[in-house]
Each structure stands twice: as structure tokens, then as C-alpha cells.
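Novice: Supplied structure: input.tsv, TSV, C-alpha atoms.
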chain	number	residue	atom	x	y	z
U	1	MET	CA	-34.01	-22.04	106.88
U	2	ARG	CA	-32.02	-24.56	108.89
U	3	VAL	CA	-28.60	-25.52	107.58
U	4	LEU	CA	-26.54	-28.45	108.81
U	5	PHE	CA	-22.77	-28.45	108.28
U	6	THR	CA	-20.30	-31.27	108.73
U	7	GLY	CA	-16.69	-31.98	107.84
U	8	GLY	CA	-13.51	-31.95	109.82
U	9	GLY	CA	-10.63	-33.71	111.44
U	10	SER	CA	-8.41	-31.04	109.90
U	11	GLY	CA	-8.56	-27.40	108.89
U	12	GLY	CA	-8.58	-28.48	105.25
U	13	HIS	CA	-12.07	-29.91	105.71
U	14	PHE	CA	-13.33	-27.49	108.36
U	15	PHE	CA	-12.49	-24.06	106.97
U	16	PRO	CA	-14.26	-24.56	103.62
U	17	ALA	CA	-17.42	-25.26	105.61
U	18	ILE	CA	-16.90	-22.04	107.56
U	19	ALA	CA	-16.40	-20.05	104.35
U	20	ILE	CA	-19.71	-21.43	103.03
U	21	ALA	CA	-21.41	-20.76	106.38
U	22	GLU	CA	-20.21	-17.14	106.26
U	23	GLU	CA	-21.89	-16.78	102.87
U	24	PHE	CA	-25.16	-18.18	104.22
U	25	LYS	CA	-24.99	-15.77	107.18
U	26	LYS	CA	-24.45	-12.85	104.80
U	27	ARG	CA	-27.23	-13.81	102.43
U	28	MET	CA	-29.63	-15.25	105.01
U	29	PRO	CA	-29.03	-13.65	108.44
U	30	ASP	CA	-31.96	-15.48	110.06
U	31	ALA	CA	-30.79	-18.96	109.03
U	32	GLU	CA	-30.27	-21.43	111.89
U	33	MET	CA	-27.01	-23.35	111.67
U	34	LEU	CA	-25.66	-26.45	113.35
U	35	TYR	CA	-22.24	-28.06	112.97
U	36	LEU	CA	-21.74	-31.79	113.55
U	37	GLY	CA	-18.17	-32.96	113.98
U	38	ASN	CA	-15.64	-34.85	116.05
U	39	LYS	CA	-15.33	-33.71	119.67
U	40	LYS	CA	-11.54	-34.14	119.60
U	41	ALA	CA	-10.93	-32.20	116.39
U	42	LEU	CA	-10.58	-28.47	115.83
U	43	GLU	CA	-14.19	-28.05	114.68
U	44	SER	CA	-15.33	-28.58	118.28
U	45	ARG	CA	-13.50	-25.37	119.26
U	46	GLU	CA	-13.64	-23.37	116.07
U	47	ALA	CA	-17.32	-23.78	115.10
U	48	PRO	CA	-18.57	-22.05	118.29
U	49	ALA	CA	-15.83	-19.42	117.87
U	50	HIS	CA	-17.40	-18.63	114.48
U	51	GLY	CA	-20.88	-18.36	116.01
U	52	ILE	CA	-22.16	-21.80	114.98
U	53	GLU	CA	-23.64	-24.27	117.46
U	54	PHE	CA	-21.60	-27.48	117.63
U	55	LYS	CA	-22.60	-31.02	118.53
U	56	ALA	CA	-20.28	-34.03	118.55
U	57	VAL	CA	-20.91	-37.33	116.82
U	58	PRO	CA	-18.70	-40.44	117.15
U	59	SER	CA	-16.38	-41.01	114.22
U	60	ARG	CA	-13.02	-42.55	113.45
U	61	CYS	CA	-10.73	-42.53	110.44
U	62	LEU	CA	-9.97	-45.78	108.64
U	63	ASP	CA	-6.19	-46.22	108.55
U	64	LEU	CA	-5.08	-49.29	106.60
U	65	GLY	CA	-1.63	-48.01	105.80
U	66	TYR	CA	0.42	-50.26	108.06
U	67	GLY	CA	0.27	-53.55	109.88
U	68	GLY	CA	-0.69	-57.03	108.82
U	69	LEU	CA	-4.01	-58.84	108.48
U	70	PHE	CA	-4.91	-58.69	112.19
U	71	ALA	CA	-4.18	-54.96	112.34
U	72	HIS	CA	-6.42	-54.40	109.32
U	73	VAL	CA	-9.23	-56.52	110.81
U	74	TYR	CA	-9.03	-54.55	114.07
U	75	GLU	CA	-8.98	-51.26	112.19
U	76	MET	CA	-12.06	-52.22	110.16
U	77	PHE	CA	-13.91	-53.32	113.31
U	78	ALA	CA	-13.00	-50.20	115.32
U	79	SER	CA	-13.88	-47.86	112.49
U	80	SER	CA	-17.17	-49.62	111.72
U	81	THR	CA	-18.19	-49.54	115.38
U	82	GLN	CA	-17.54	-45.82	115.67
U	83	MET	CA	-19.24	-45.06	112.38
U	84	SER	CA	-22.33	-47.02	113.45
U	85	ALA	CA	-22.44	-45.05	116.69
U	86	GLY	CA	-22.01	-41.86	114.67
U	87	LEU	CA	-24.91	-42.78	112.41
U	88	ILE	CA	-27.20	-43.41	115.40
U	89	LYS	CA	-26.21	-40.12	117.06
U	90	SER	CA	-26.54	-38.19	113.79
U	91	ASN	CA	-30.01	-39.60	113.22
U	92	SER	CA	-31.11	-38.45	116.65
U	93	ILE	CA	-29.71	-34.92	116.28
U	94	ILE	CA	-31.07	-34.47	112.75
U	95	LYS	CA	-34.58	-35.56	113.81
U	96	LYS	CA	-34.60	-32.79	116.42
U	97	PHE	CA	-32.91	-30.07	114.34
U	98	LYS	CA	-34.91	-30.79	111.16
U	99	PRO	CA	-32.45	-29.22	108.67
U	100	ASP	CA	-33.60	-28.12	105.26
U	101	ILE	CA	-30.18	-28.80	103.72
U	102	ALA	CA	-26.95	-30.51	104.78
U	103	ILE	CA	-23.51	-29.53	103.52
U	104	GLY	CA	-20.51	-31.83	103.93
U	105	THR	CA	-16.90	-30.87	103.25
U	106	GLY	CA	-15.20	-34.23	103.75
U	107	GLY	CA	-13.28	-36.00	106.45
U	108	PHE	CA	-14.36	-39.21	108.14
U	109	VAL	CA	-16.89	-37.42	110.37
U	110	SER	CA	-18.97	-36.34	107.37
U	111	PHE	CA	-19.83	-39.91	106.39
U	112	PRO	CA	-22.38	-40.79	109.12
U	113	VAL	CA	-23.84	-37.26	109.13
U	114	ILE	CA	-24.55	-37.03	105.40
U	115	LEU	CA	-25.79	-40.63	105.32
U	116	ALA	CA	-28.22	-39.96	108.18
U	117	ALA	CA	-29.39	-36.69	106.64
U	118	GLU	CA	-30.03	-38.24	103.22
U	119	ARG	CA	-31.97	-41.12	104.78
U	120	GLN	CA	-34.24	-38.58	106.48
U	121	GLY	CA	-34.96	-36.80	103.21
U	122	VAL	CA	-32.67	-33.82	103.74
U	123	LYS	CA	-31.21	-32.35	100.55
U	124	CYS	CA	-27.47	-32.99	100.75
U	125	TYR	CA	-24.50	-31.30	99.07
U	126	ILE	CA	-20.77	-31.97	99.32
U	127	HIS	CA	-17.57	-30.13	98.50
U	128	GLU	CA	-14.35	-31.96	97.60
U	129	GLN	CA	-11.26	-29.80	98.11
U	130	ASN	CA	-8.54	-31.98	96.59
U	131	ALA	CA	-7.53	-32.92	93.06
U	132	ALA	CA	-7.78	-36.58	94.12
U	133	PRO	CA	-11.01	-37.14	96.13
U	134	GLY	CA	-10.97	-38.53	99.67
U	135	ARG	CA	-12.68	-41.76	100.73
U	136	GLY	CA	-15.60	-40.09	102.50
U	137	ASN	CA	-16.64	-37.94	99.58
U	138	ARG	CA	-16.19	-40.78	97.09
U	139	VAL	CA	-18.77	-42.75	99.05
U	140	MET	CA	-21.05	-39.78	99.74
U	141	ALA	CA	-21.08	-38.61	96.12
U	142	LYS	CA	-23.97	-40.96	95.38
U	143	LYS	CA	-26.05	-39.38	98.16
U	144	ALA	CA	-25.41	-35.76	97.20
U	145	ARG	CA	-27.65	-33.70	94.91
U	146	ARG	CA	-24.71	-31.53	93.87
U	147	ILE	CA	-20.96	-32.13	94.20
U	148	PHE	CA	-18.67	-29.10	94.21
U	149	THR	CA	-14.95	-29.52	93.49
U	150	GLY	CA	-11.88	-27.49	94.33
U	151	PHE	CA	-9.82	-28.53	91.30
U	152	PRO	CA	-10.83	-29.09	87.69
U	153	GLY	CA	-10.84	-32.62	86.34
U	154	THR	CA	-12.23	-34.28	89.48
U	155	GLU	CA	-15.60	-35.12	87.91
U	156	ASP	CA	-14.69	-38.60	86.63
U	157	SER	CA	-12.95	-39.56	89.89
U	158	LEU	CA	-16.17	-39.04	91.84
U	159	GLY	CA	-18.23	-40.94	89.28
U	160	PHE	CA	-21.10	-38.48	88.82
U	161	PRO	CA	-20.03	-35.86	86.26
U	162	GLU	CA	-23.66	-34.89	85.55
U	163	LYS	CA	-24.06	-33.40	89.03
U	164	THR	CA	-20.45	-32.32	89.66
U	165	ILE	CA	-19.57	-28.62	89.40
U	166	TYR	CA	-16.05	-27.19	89.47
U	167	VAL	CA	-16.07	-24.02	91.58
U	168	GLY	CA	-12.67	-23.93	93.33
U	169	ASN	CA	-12.05	-23.95	97.07
U	170	PRO	CA	-13.95	-21.48	99.26
U	171	VAL	CA	-11.51	-19.27	101.18
U	172	ARG	CA	-12.43	-16.99	104.07
U	173	GLU	CA	-12.84	-13.39	102.95
U	174	GLU	CA	-9.94	-12.10	105.06
U	175	PHE	CA	-7.41	-13.79	102.75
U	176	TYR	CA	-8.56	-11.78	99.72
U	177	SER	CA	-7.48	-8.44	101.14
U	178	LEU	CA	-4.04	-9.14	102.63
U	179	ASP	CA	-1.63	-6.24	102.58
U	180	LYS	CA	2.09	-6.93	103.01
U	181	LYS	CA	2.84	-3.66	104.79
U	182	THR	CA	-0.06	-4.05	107.24
U	183	SER	CA	0.78	-7.71	107.99
U	184	ARG	CA	4.44	-6.92	108.64
U	185	LYS	CA	3.49	-4.10	110.97
U	186	SER	CA	1.18	-6.47	112.86
U	187	LEU	CA	3.99	-9.01	113.26
U	188	GLY	CA	6.73	-6.46	114.01
U	189	ILE	CA	8.75	-7.32	110.91
U	190	PRO	CA	10.77	-4.63	109.07
U	191	GLU	CA	8.88	-3.41	106.03
U	192	ASP	CA	11.77	-3.95	103.59
U	193	ASP	CA	12.92	-7.41	104.73
U	194	PHE	CA	12.85	-10.48	102.51
U	195	VAL	CA	10.44	-12.73	104.43
U	196	VAL	CA	10.17	-16.51	104.18
U	197	PHE	CA	7.32	-18.30	105.94
U	198	SER	CA	7.65	-22.06	106.51
U	199	VAL	CA	4.68	-24.01	107.86
U	200	GLY	CA	3.89	-27.71	108.04
U	201	GLY	CA	0.56	-27.73	109.88
U	202	SER	CA	-0.32	-28.27	113.53
U	203	LEU	CA	1.63	-31.55	113.74
U	204	GLY	CA	4.56	-30.14	111.78
U	205	SER	CA	6.87	-31.68	109.23
U	206	GLU	CA	10.47	-32.72	109.81
U	207	VAL	CA	11.22	-32.23	106.12
U	208	LEU	CA	9.99	-28.64	106.09
U	209	ASN	CA	11.62	-27.93	109.45
U	210	ASP	CA	14.97	-29.22	108.17
U	211	VAL	CA	14.72	-26.81	105.24
U	212	ALA	CA	13.82	-23.96	107.61
U	213	LEU	CA	16.74	-24.82	109.89
U	214	GLU	CA	19.17	-24.74	106.96
U	215	TYR	CA	17.78	-21.40	105.84
U	216	ALA	CA	17.98	-20.08	109.42
U	217	LYS	CA	21.71	-20.90	109.46
U	218	ARG	CA	22.17	-18.85	106.30
U	219	ILE	CA	20.40	-15.72	107.52
U	220	ASN	CA	21.19	-15.93	111.25
U	221	LYS	CA	21.55	-12.36	112.62
U	222	LYS	CA	21.65	-10.91	109.09
U	223	GLU	CA	19.76	-7.70	108.46
U	224	GLY	CA	17.27	-7.62	105.62
U	225	SER	CA	16.06	-11.22	105.99
U	226	THR	CA	13.37	-12.75	108.20
U	227	LEU	CA	12.22	-16.34	108.70
U	228	ILE	CA	8.93	-17.35	110.32
U	229	CYS	CA	8.79	-21.09	111.02
U	230	GLY	CA	5.79	-23.02	112.31
U	231	THR	CA	7.41	-26.25	113.49
U	232	GLY	CA	4.23	-27.94	114.68
U	233	ARG	CA	3.65	-28.37	118.42
U	234	PRO	CA	5.23	-31.85	118.75
U	235	LEU	CA	8.45	-30.69	117.06
U	236	LEU	CA	9.01	-27.27	118.62
U	237	LYS	CA	11.30	-28.41	121.44
U	238	GLU	CA	13.41	-30.61	119.14
U	239	TYR	CA	13.98	-27.86	116.56
U	240	SER	CA	14.52	-25.15	119.15
U	241	GLU	CA	17.30	-27.30	120.60
U	242	LYS	CA	18.74	-27.96	117.13
U	243	ALA	CA	18.75	-24.22	116.46
U	244	ALA	CA	20.57	-23.57	119.73
U	245	LYS	CA	23.23	-26.16	118.86
U	246	GLU	CA	23.79	-24.43	115.52
U	247	GLY	CA	24.19	-21.08	117.26
U	248	ILE	CA	20.99	-19.75	115.73
U	249	GLU	CA	19.51	-16.86	117.66
U	250	LEU	CA	15.74	-17.13	117.93
U	251	GLY	CA	13.60	-14.07	118.41
U	252	GLY	CA	15.63	-11.68	116.29
U	253	ASN	CA	15.13	-12.16	112.58
U	254	ILE	CA	14.26	-15.83	113.08
U	255	HIS	CA	10.90	-16.71	114.65
U	256	MET	CA	10.04	-20.28	115.58
U	257	ASP	CA	6.71	-21.36	117.04
U	258	GLY	CA	4.89	-24.63	117.54
U	259	PHE	CA	1.56	-23.36	116.31
U	260	ILE	CA	0.87	-20.44	113.98
U	261	SER	CA	-2.28	-18.79	115.31
U	262	ASN	CA	-2.05	-15.76	112.99
U	263	ILE	CA	-1.52	-17.53	109.70
U	264	LYS	CA	-3.34	-14.77	107.81
U	265	ASP	CA	-0.68	-12.18	108.63
U	266	CYS	CA	2.18	-14.67	108.23
U	267	ILE	CA	1.06	-15.33	104.66
U	268	GLY	CA	0.39	-11.64	104.16
U	269	ALA	CA	3.91	-10.70	105.31
U	270	ALA	CA	5.70	-13.36	103.25
U	271	ASP	CA	7.62	-12.94	100.02
U	272	LEU	CA	7.85	-16.72	99.73
U	273	VAL	CA	6.05	-19.57	101.51
U	274	ILE	CA	7.39	-23.09	102.08
U	275	CYS	CA	4.59	-25.54	102.73
U	276	ARG	CA	2.82	-28.84	102.13
U	277	ALA	CA	0.06	-29.06	99.53
U	278	GLY	CA	-3.18	-29.31	101.46
U	279	ALA	CA	-6.00	-27.99	99.29
U	280	MET	CA	-6.92	-25.10	101.57
U	281	SER	CA	-3.32	-24.05	102.12
U	282	ILE	CA	-2.94	-23.88	98.35
U	283	ALA	CA	-6.19	-21.93	97.95
U	284	GLU	CA	-5.16	-19.38	100.58
U	285	LEU	CA	-1.81	-18.82	98.86
U	286	LEU	CA	-3.51	-18.40	95.49
U	287	VAL	CA	-6.00	-15.76	96.59
U	288	ALA	CA	-3.23	-13.96	98.50
U	289	GLY	CA	-0.97	-14.06	95.42
U	290	ARG	CA	1.95	-15.58	97.34
U	291	PRO	CA	4.57	-17.68	95.51
U	292	SER	CA	5.66	-20.88	97.20
U	293	ILE	CA	8.00	-23.82	97.35
U	294	ILE	CA	5.77	-26.84	97.88
U	295	ILE	CA	6.85	-30.22	99.25
U	296	PRO	CA	3.75	-32.46	99.02
U	297	TYR	CA	3.14	-35.02	101.74
U	298	PRO	CA	3.76	-38.36	100.00
U	299	GLY	CA	1.32	-40.32	102.17
U	300	SER	CA	-1.78	-38.34	101.22
U	301	VAL	CA	-4.81	-40.33	100.05
U	302	GLY	CA	-4.62	-40.88	96.30
U	303	ASP	CA	-1.43	-38.79	96.34
U	304	HIS	CA	-3.74	-35.78	96.19
U	305	GLN	CA	-1.12	-33.39	97.57
U	306	TYR	CA	1.15	-34.10	94.61
U	307	TYR	CA	-1.64	-33.24	92.17
U	308	ASN	CA	-2.64	-30.15	94.16
U	309	ALA	CA	0.96	-28.89	94.02
U	310	LYS	CA	1.43	-29.79	90.37
U	311	THR	CA	-1.54	-27.63	89.41
U	312	VAL	CA	0.14	-24.56	90.92
U	313	GLN	CA	3.59	-25.41	89.56
U	314	ASP	CA	2.20	-25.90	86.06
U	315	ALA	CA	0.59	-22.46	86.27
U	316	GLY	CA	3.92	-20.89	87.25
U	317	GLY	CA	3.00	-19.99	90.82
U	318	ALA	CA	5.21	-22.48	92.69
U	319	VAL	CA	8.27	-24.69	92.62
U	320	MET	CA	7.53	-28.26	93.70
U	321	TYR	CA	9.93	-30.78	95.21
U	322	GLU	CA	8.85	-34.32	95.91
U	323	GLN	CA	9.84	-35.21	99.45
U	324	LYS	CA	12.56	-37.63	98.31
U	325	ASP	CA	14.21	-34.75	96.43
U	326	ALA	CA	13.78	-32.06	99.08
U	327	ASP	CA	17.38	-31.85	100.30
U	328	PRO	CA	17.58	-28.77	102.59
U	329	VAL	CA	20.66	-27.38	100.83
U	330	VAL	CA	19.07	-27.75	97.39
U	331	VAL	CA	15.80	-26.14	98.50
U	332	CYS	CA	17.58	-23.24	100.22
U	333	ASP	CA	19.70	-22.68	97.12
U	334	LYS	CA	16.41	-22.35	95.22
U	335	ILE	CA	15.12	-19.81	97.77
U	336	GLU	CA	18.21	-17.67	97.18
U	337	GLU	CA	17.92	-18.11	93.42
U	338	LEU	CA	14.29	-16.95	93.40
U	339	ARG	CA	15.17	-14.00	95.61
U	340	ASN	CA	17.96	-12.88	93.30
U	341	ILE	CA	16.11	-13.02	89.97
U	342	PRO	CA	14.56	-9.55	89.50
U	343	GLY	CA	10.78	-9.71	89.30
U	344	LYS	CA	10.61	-13.51	89.52
U	345	LEU	CA	8.60	-13.72	92.75
U	346	ASP	CA	6.23	-10.99	91.55
U	347	GLU	CA	5.72	-12.99	88.36
U	348	MET	CA	4.94	-16.12	90.38
U	349	GLY	CA	2.53	-14.17	92.57
U	350	GLU	CA	0.67	-12.93	89.50
U	351	ALA	CA	0.46	-16.50	88.23
U	352	CYS	CA	-1.17	-17.49	91.52
U	353	LEU	CA	-3.78	-14.76	91.23
U	354	LYS	CA	-4.67	-15.86	87.68
U	355	ILE	CA	-5.78	-19.29	88.89
U	356	ALA	CA	-7.08	-18.18	92.30
U	357	PRO	CA	-10.66	-19.18	93.13
U	358	THR	CA	-13.05	-16.23	93.10
U	359	ALA	CA	-16.47	-15.87	94.75
U	360	VAL	CA	-16.50	-19.63	95.41
U	361	ALA	CA	-18.75	-19.54	98.48
U	362	SER	CA	-21.16	-17.31	96.58
U	363	LYS	CA	-21.29	-19.76	93.65
U	364	ILE	CA	-21.91	-22.67	96.03
U	365	TYR	CA	-24.68	-20.78	97.83
U	366	GLU	CA	-26.42	-19.89	94.57
U	367	GLU	CA	-26.18	-23.43	93.17
U	368	ILE	CA	-27.53	-24.92	96.40
U	369	MET	CA	-30.43	-22.48	96.63
U	370	ALA	CA	-31.33	-22.92	92.96
U	371	ASP	CA	-31.50	-26.68	93.46
U	372	TYR	CA	-33.27	-26.43	96.83
U	373	GLU	CA	-36.04	-24.23	95.42
U	374	LYS	CA	-36.85	-26.59	92.53
Written as C-alpha cells, how would this file's structure read?
Specialist:
Amino acid sequence: MRVLFTGGGSGGHFFPAIAIAEEFKKRMPDAEMLYLGNKKALESREAPAHGIEFKAVPSRCLDLGYGGLFAHVYEMFASSTQMSAGLIKSNSIIKKFKPDIAIGTGGFVSFPVILAAERQGVKCYIHEQNAAPGRGNRVMAKKARRIFTGFPGTEDSLGFPEKTIYVGNPVREEFYSLDKKTSRKSLGIPEDDFVVFSVGGSLGSEVLNDVALEYAKRINKKEGSTLICGTGRPLLKEYSEKAAKEGIELGGNIHMDGFISNIKDCIGAADLVICRAGAMSIAELLVAGRPSIIIPYPGSVGDHQYYNAKTVQDAGGAVMYEQKDADPVVVCDKIEELRNIPGKLDEMGEACLKIAPTAVASKIYEEIMADYEK
């Protein structure tokens, strides 16, 4: 069998595809796989690293958030031009590869690939990670034979409830077996410390970094507390300098890095995580049973990060602050409050595990194969 994967522009779209690909490899070792994505995005590096051949297709996101009429006209023209080029390139690659099925996990790059595959008679399937669907999957839903969703209640938003199946978000297997003691040993963190992990993605978040900086001031050089902060590459220098001005000593119990390459162990080591509400970040925390303070990104499409976070808060696994309310002092007071209530964080962790997705990639594989073999 030949399986075509697409989806990317961010880890939130790419890693679900990898989790599904891992399931196909396990169940069907002889399957041939090809990943189509954007040459400038992480899938171009990470797909080959996971043993999947990668080929680039032109694509461009459609950003109509700012600017006047002329900016919108230019944006529509530029995006349409790139998407047309992507469709032509996808058609050419698909004709040569001859996939039996195509699986898309969202992001602007998936649009021309799934469209080209469906036009050539390939059976297509998509997975939507967020509580509020993205533009690409809303359009592609009509082309897909099955639509898999990461959150319940998304069926009506996509418009095809008869072929939409709630399964949860597929998480890589390594996140299901995290051990706090092992992760702390790997990172060189004392086994009995109270560990907070703050991360705002590869580009970082000033809001999250401001909270982390406030917390760093409170625990600077104090035994029994550790902070790991992923500032995002563009913000590392700025926040390292801010820390120095505040007299914060980096490298002791406070660790600051631009990019978190070992996010598995950082989550594994944490007692509490401070983060945005990307669907895959949420899913990883749930399967790891890690409580969190979530500050959703307010500019997300359809405000999907708010709804992602609300699902976890309503279940008791997180505390959510909208960005306008995320004053660093207030949030850090909440960190200390949660730390000081006996059993509270354990209770939140258990709440996460109760709503954690289980065997998602396996469910997706079985649904796809059952439909394919009809």
C-alpha cells in the first residue's frame, strides 16, 4: 500500500500526521509513505527524520487579519498564485507516486495536496485537531471520505456529521509512558523539586515569558524549586537580558532556552505547565497527566485555542486565563496557591488522564482501512 501524508506549517498539524504514520508502519511495515509539505516549515526536516520521504509543494497561508482593501487584494492574489502552483506540483507528484490513500492533518499546505489527490481518485481522509476547525479542513471536508476530530462537538462546524468521527488527537507513543523521576534525571533536575515548565512555542510568547520572568524572580536561587522556560528563539536574547537586569541567575534552578528540543522530558519532569492552547500541546499534557495554567492565544482562527483550553478547564485539569487577564503577578500567585493546596495538582493530573485520548492513531487506522476495503 502507498500512503500519502500532508499537513504542516506548525507542529500542531505535523505531529498528528506522524503519530498516524507510526501506526501504519506498525501495522503495515511494507507500506510506502510520502509526505508533501512546505519546504520552509518543520515538516521538511522532521518527516525525513522520522523515516518518511519528503517532497515540497508551493503553499502560502491566507492572512486577512490586518491592512486595508489593497492589502487584502494582494494577500488573496499571492495566496491564490501559490496555491495554484501547489496544485500543479501536487498533481505531478501524485501521478508518479500513485497513492492508495491520502491523509491530511490541516494547515494551508494540505489544501492543494488533498484537492489534487481527490481529483485523481485517491481515497482521502482528514483529521481536525481543534475544537474550532481551521480554514483548510473546512474546505477539504467535502472531499474527504472520513473526517476525524480531536474534540467532541466539531461535527456541525465541518458540515458533514454523517462522515465525521470523534476520536481525539493522535499523540506519539512516547508521551504515554512519561516518568517524572526518569525525566528529571535526564534533565539534571533534583528529584524532589517543585518544577514549573513554561513554553510558548518556537516563536515564543511575551505574555507567557512575562509570567515566567515574574516566577523566576520569586524562586531565584531558592532550593526546592525549578523553572524551565522556553522563550522562543526570537525572544531569548530579550528575556535573558531582562533576567540579568532583575538579578536572576540563569543555569542554576532557572533554565531559559530559545527552543525546547526535549519537550517530552520537560513535560515529564513538570509538576505544572504554563502554555498556550494548541490542540497537540493540550493532547500531550492530557496523556501525560500534567496539570496546567493555560493562556490561549487570542488571535487563533475561530478562537479555537479558547475552546481547546475551556474543555480542559471544565474537566478540572487546568486553570485558564484569557490573555487580557493574565497579569504575571496574578498568575504567579495562582501557581503558589496550587502548589500549597495538598493533593490539588495530583487531582488535576487525574482529571487530565480521564479525558486523555487513547489509542487514537489505532482508531484512525482501523476506520481508514475499513472504508478503504469496501
Novice: Quote the spacing between CA of Leu235 (chain U) and CA of Gly252 (chain U) in Å to one decimal place.
Specialist: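 Separation between CA of Leu235 (chain U) and CA of Gly252 (chain U): 20.3 Å.
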Novice: Write out as an mmCIF file with C-alpha atoms, keeping the file's coordinate frame which residues come within 12 Å of Lys363 (chain U) when counting all atoms listed in the file, dropping same-chain ones fewer than 4 positions away.
Specialist:
data_model
loop_
_atom_site.group_PDB
_atom_site.id
_atom_site.type_symbol
_atom_site.label_atom_id
_atom_site.label_comp_id
_atom_site.auth_asym_id
_atom_site.auth_seq_id
_atom_site.Cartn_x
_atom_site.Cartn_y
_atom_site.Cartn_z
ATOM 1 C CA ALA U 19 -16.400 -20.050 104.350
ATOM 2 C CA ILE U 20 -19.710 -21.430 103.030
ATOM 3 C CA GLU U 23 -21.890 -16.780 102.870
ATOM 4 C CA PHE U 24 -25.160 -18.180 104.220
ATOM 5 C CA PHE U 148 -18.670 -29.100 94.210
ATOM 6 C CA THR U 149 -14.950 -29.520 93.490
ATOM 7 C CA ILE U 165 -19.570 -28.620 89.400
ATOM 8 C CA TYR U 166 -16.050 -27.190 89.470
ATOM 9 C CA VAL U 167 -16.070 -24.020 91.580
ATOM 10 C CA GLY U 168 -12.670 -23.930 93.330
ATOM 11 C CA ASN U 169 -12.050 -23.950 97.070
ATOM 12 C CA PRO U 170 -13.950 -21.480 99.260
ATOM 13 C CA PRO U 357 -10.660 -19.180 93.130
ATOM 14 C CA THR U 358 -13.050 -16.230 93.100
ATOM 15 C CA ALA U 359 -16.470 -15.870 94.750
ATOM 16 C CA GLU U 367 -26.180 -23.430 93.170
ATOM 17 C CA ILE U 368 -27.530 -24.920 96.400
ATOM 18 C CA MET U 369 -30.430 -22.480 96.630
ATOM 19 C CA ALA U 370 -31.330 -22.920 92.960
#
Novice: List every protein, DNA or RNA residue with an atom no more than 8 Å from (-12.5, -40.3, 115.5) in the file's coordinates, counting all atoms listed in the file, and format the result as a list in words.
Specialist: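 Residues with an atom at most 8 Å from (-12.5, -40.3, 115.5): Gly9, Asn38, Lys40, Pro58, Ser59, Arg60, Cys61, Gln82, Phe108 and Val109 of chain U.
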Novice: If you measure from CA of Lys181 (chain U) to CA of Leu285 (chain U), what distance in Å do you get, rounded to one decimal?
Specialist: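 Result for CA of Lys181 (chain U) versus CA of Leu285 (chain U): 16.9 Å, one decimal.
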Novice: When you look at Gly278 (chain U) with a cut-off of 10 Å (counting all atoms listed in the file), what residues show up, excluding the ones that are within fewer than 5 positions of it in the same chain? I need them as a PDB file with C-alpha atoms, in the coordinates of the input.
Specialist:
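Saved file result_38.pdb follows:
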ATOM      1  CA  GLY U  11      -8.560 -27.400 108.890  1.00  0.00           C
ATOM      2  CA  GLY U  12      -8.580 -28.480 105.250  1.00  0.00           C
ATOM      3  CA  HIS U  13     -12.070 -29.910 105.710  1.00  0.00           C
ATOM      4  CA  GLN U 129     -11.260 -29.800  98.110  1.00  0.00           C
ATOM      5  CA  ASN U 130      -8.540 -31.980  96.590  1.00  0.00           C
ATOM      6  CA  GLY U 200       3.890 -27.710 108.040  1.00  0.00           C
ATOM      7  CA  GLY U 201       0.560 -27.730 109.880  1.00  0.00           C
ATOM      8  CA  ALA U 283      -6.190 -21.930  97.950  1.00  0.00           C
ATOM      9  CA  ILE U 294       5.770 -26.840  97.880  1.00  0.00           C
ATOM     10  CA  PRO U 296       3.750 -32.460  99.020  1.00  0.00           C
ATOM     11  CA  TYR U 297       3.140 -35.020 101.740  1.00  0.00           C
ATOM     12  CA  SER U 300      -1.780 -38.340 101.220  1.00  0.00           C
ATOM     13  CA  HIS U 304      -3.740 -35.780  96.190  1.00  0.00           C
ATOM     14  CA  GLN U 305      -1.120 -33.390  97.570  1.00  0.00           C
ATOM     15  CA  TYR U 306       1.150 -34.100  94.610  1.00  0.00           C
ATOM     16  CA  ASN U 308      -2.640 -30.150  94.160  1.00  0.00           C
ATOM     17  CA  ALA U 309       0.960 -28.890  94.020  1.00  0.00           C
TER      18      ALA U 309
END
Novice: For Ile263 (chain U), which residue out of U:Pro298, U:Asn340, U:Lys185, U:Leu178 is the nearest one, using only C-alpha atoms?
Specialist: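 The shortest atom-to-atom distance to Ile263 (chain U) comes from U:Leu178.
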Novice: Around all listed atoms of region 350-364 of chain U, padded 5 Å per side, what centre and edge lengths does the axis-aligned box have in Å to one decimal, as AutoDock Vina command-line options?
Specialist:
--center_x -10.6 --center_y -17.8 --center_z 93.1 --size_x 32.6 --size_y 19.7 --size_z 20.8
Novice: Tell me which protein, DNA and RNA residues are within 12 Å of Ser177 (chain U), counting all atoms listed in the file, leaving out same-chain ones fewer than 5 positions away, and put them as a PyMOL selection string.
Specialist: chain U and resi 171-172+182-183+264-265+267-268+284+287-289
Novice: Which polymer residues have any atom within 10 Å of an atom of Ser186 (chain U), counting all atoms listed in the file, with same-chain residues fewer than 6 positions away left out, as an MDAnalysis selection string?
Specialist: chainID U and resid 180 262 265:266 269
Novice: Just give me the gap between CA of Val122 (chain U) and CA of Thr81 (chain U) in Å, one decimal is fine.
Specialist: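 If I compute the distance from CA of Val122 (chain U) to CA of Thr81 (chain U), I get 24.3 Å.
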Novice: Might you pull out every residue within 6 Å of region 48-56 of chain U, with all atoms listed in the file counted and same-chain residues fewer than 3 positions away left off, and present them as a list of chain:residue names?
Specialist: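 Final neighbour list, sorted by chain and number: U:Leu34, U:Tyr35, U:Leu36, U:Gly37, U:Asn38, U:Lys39.
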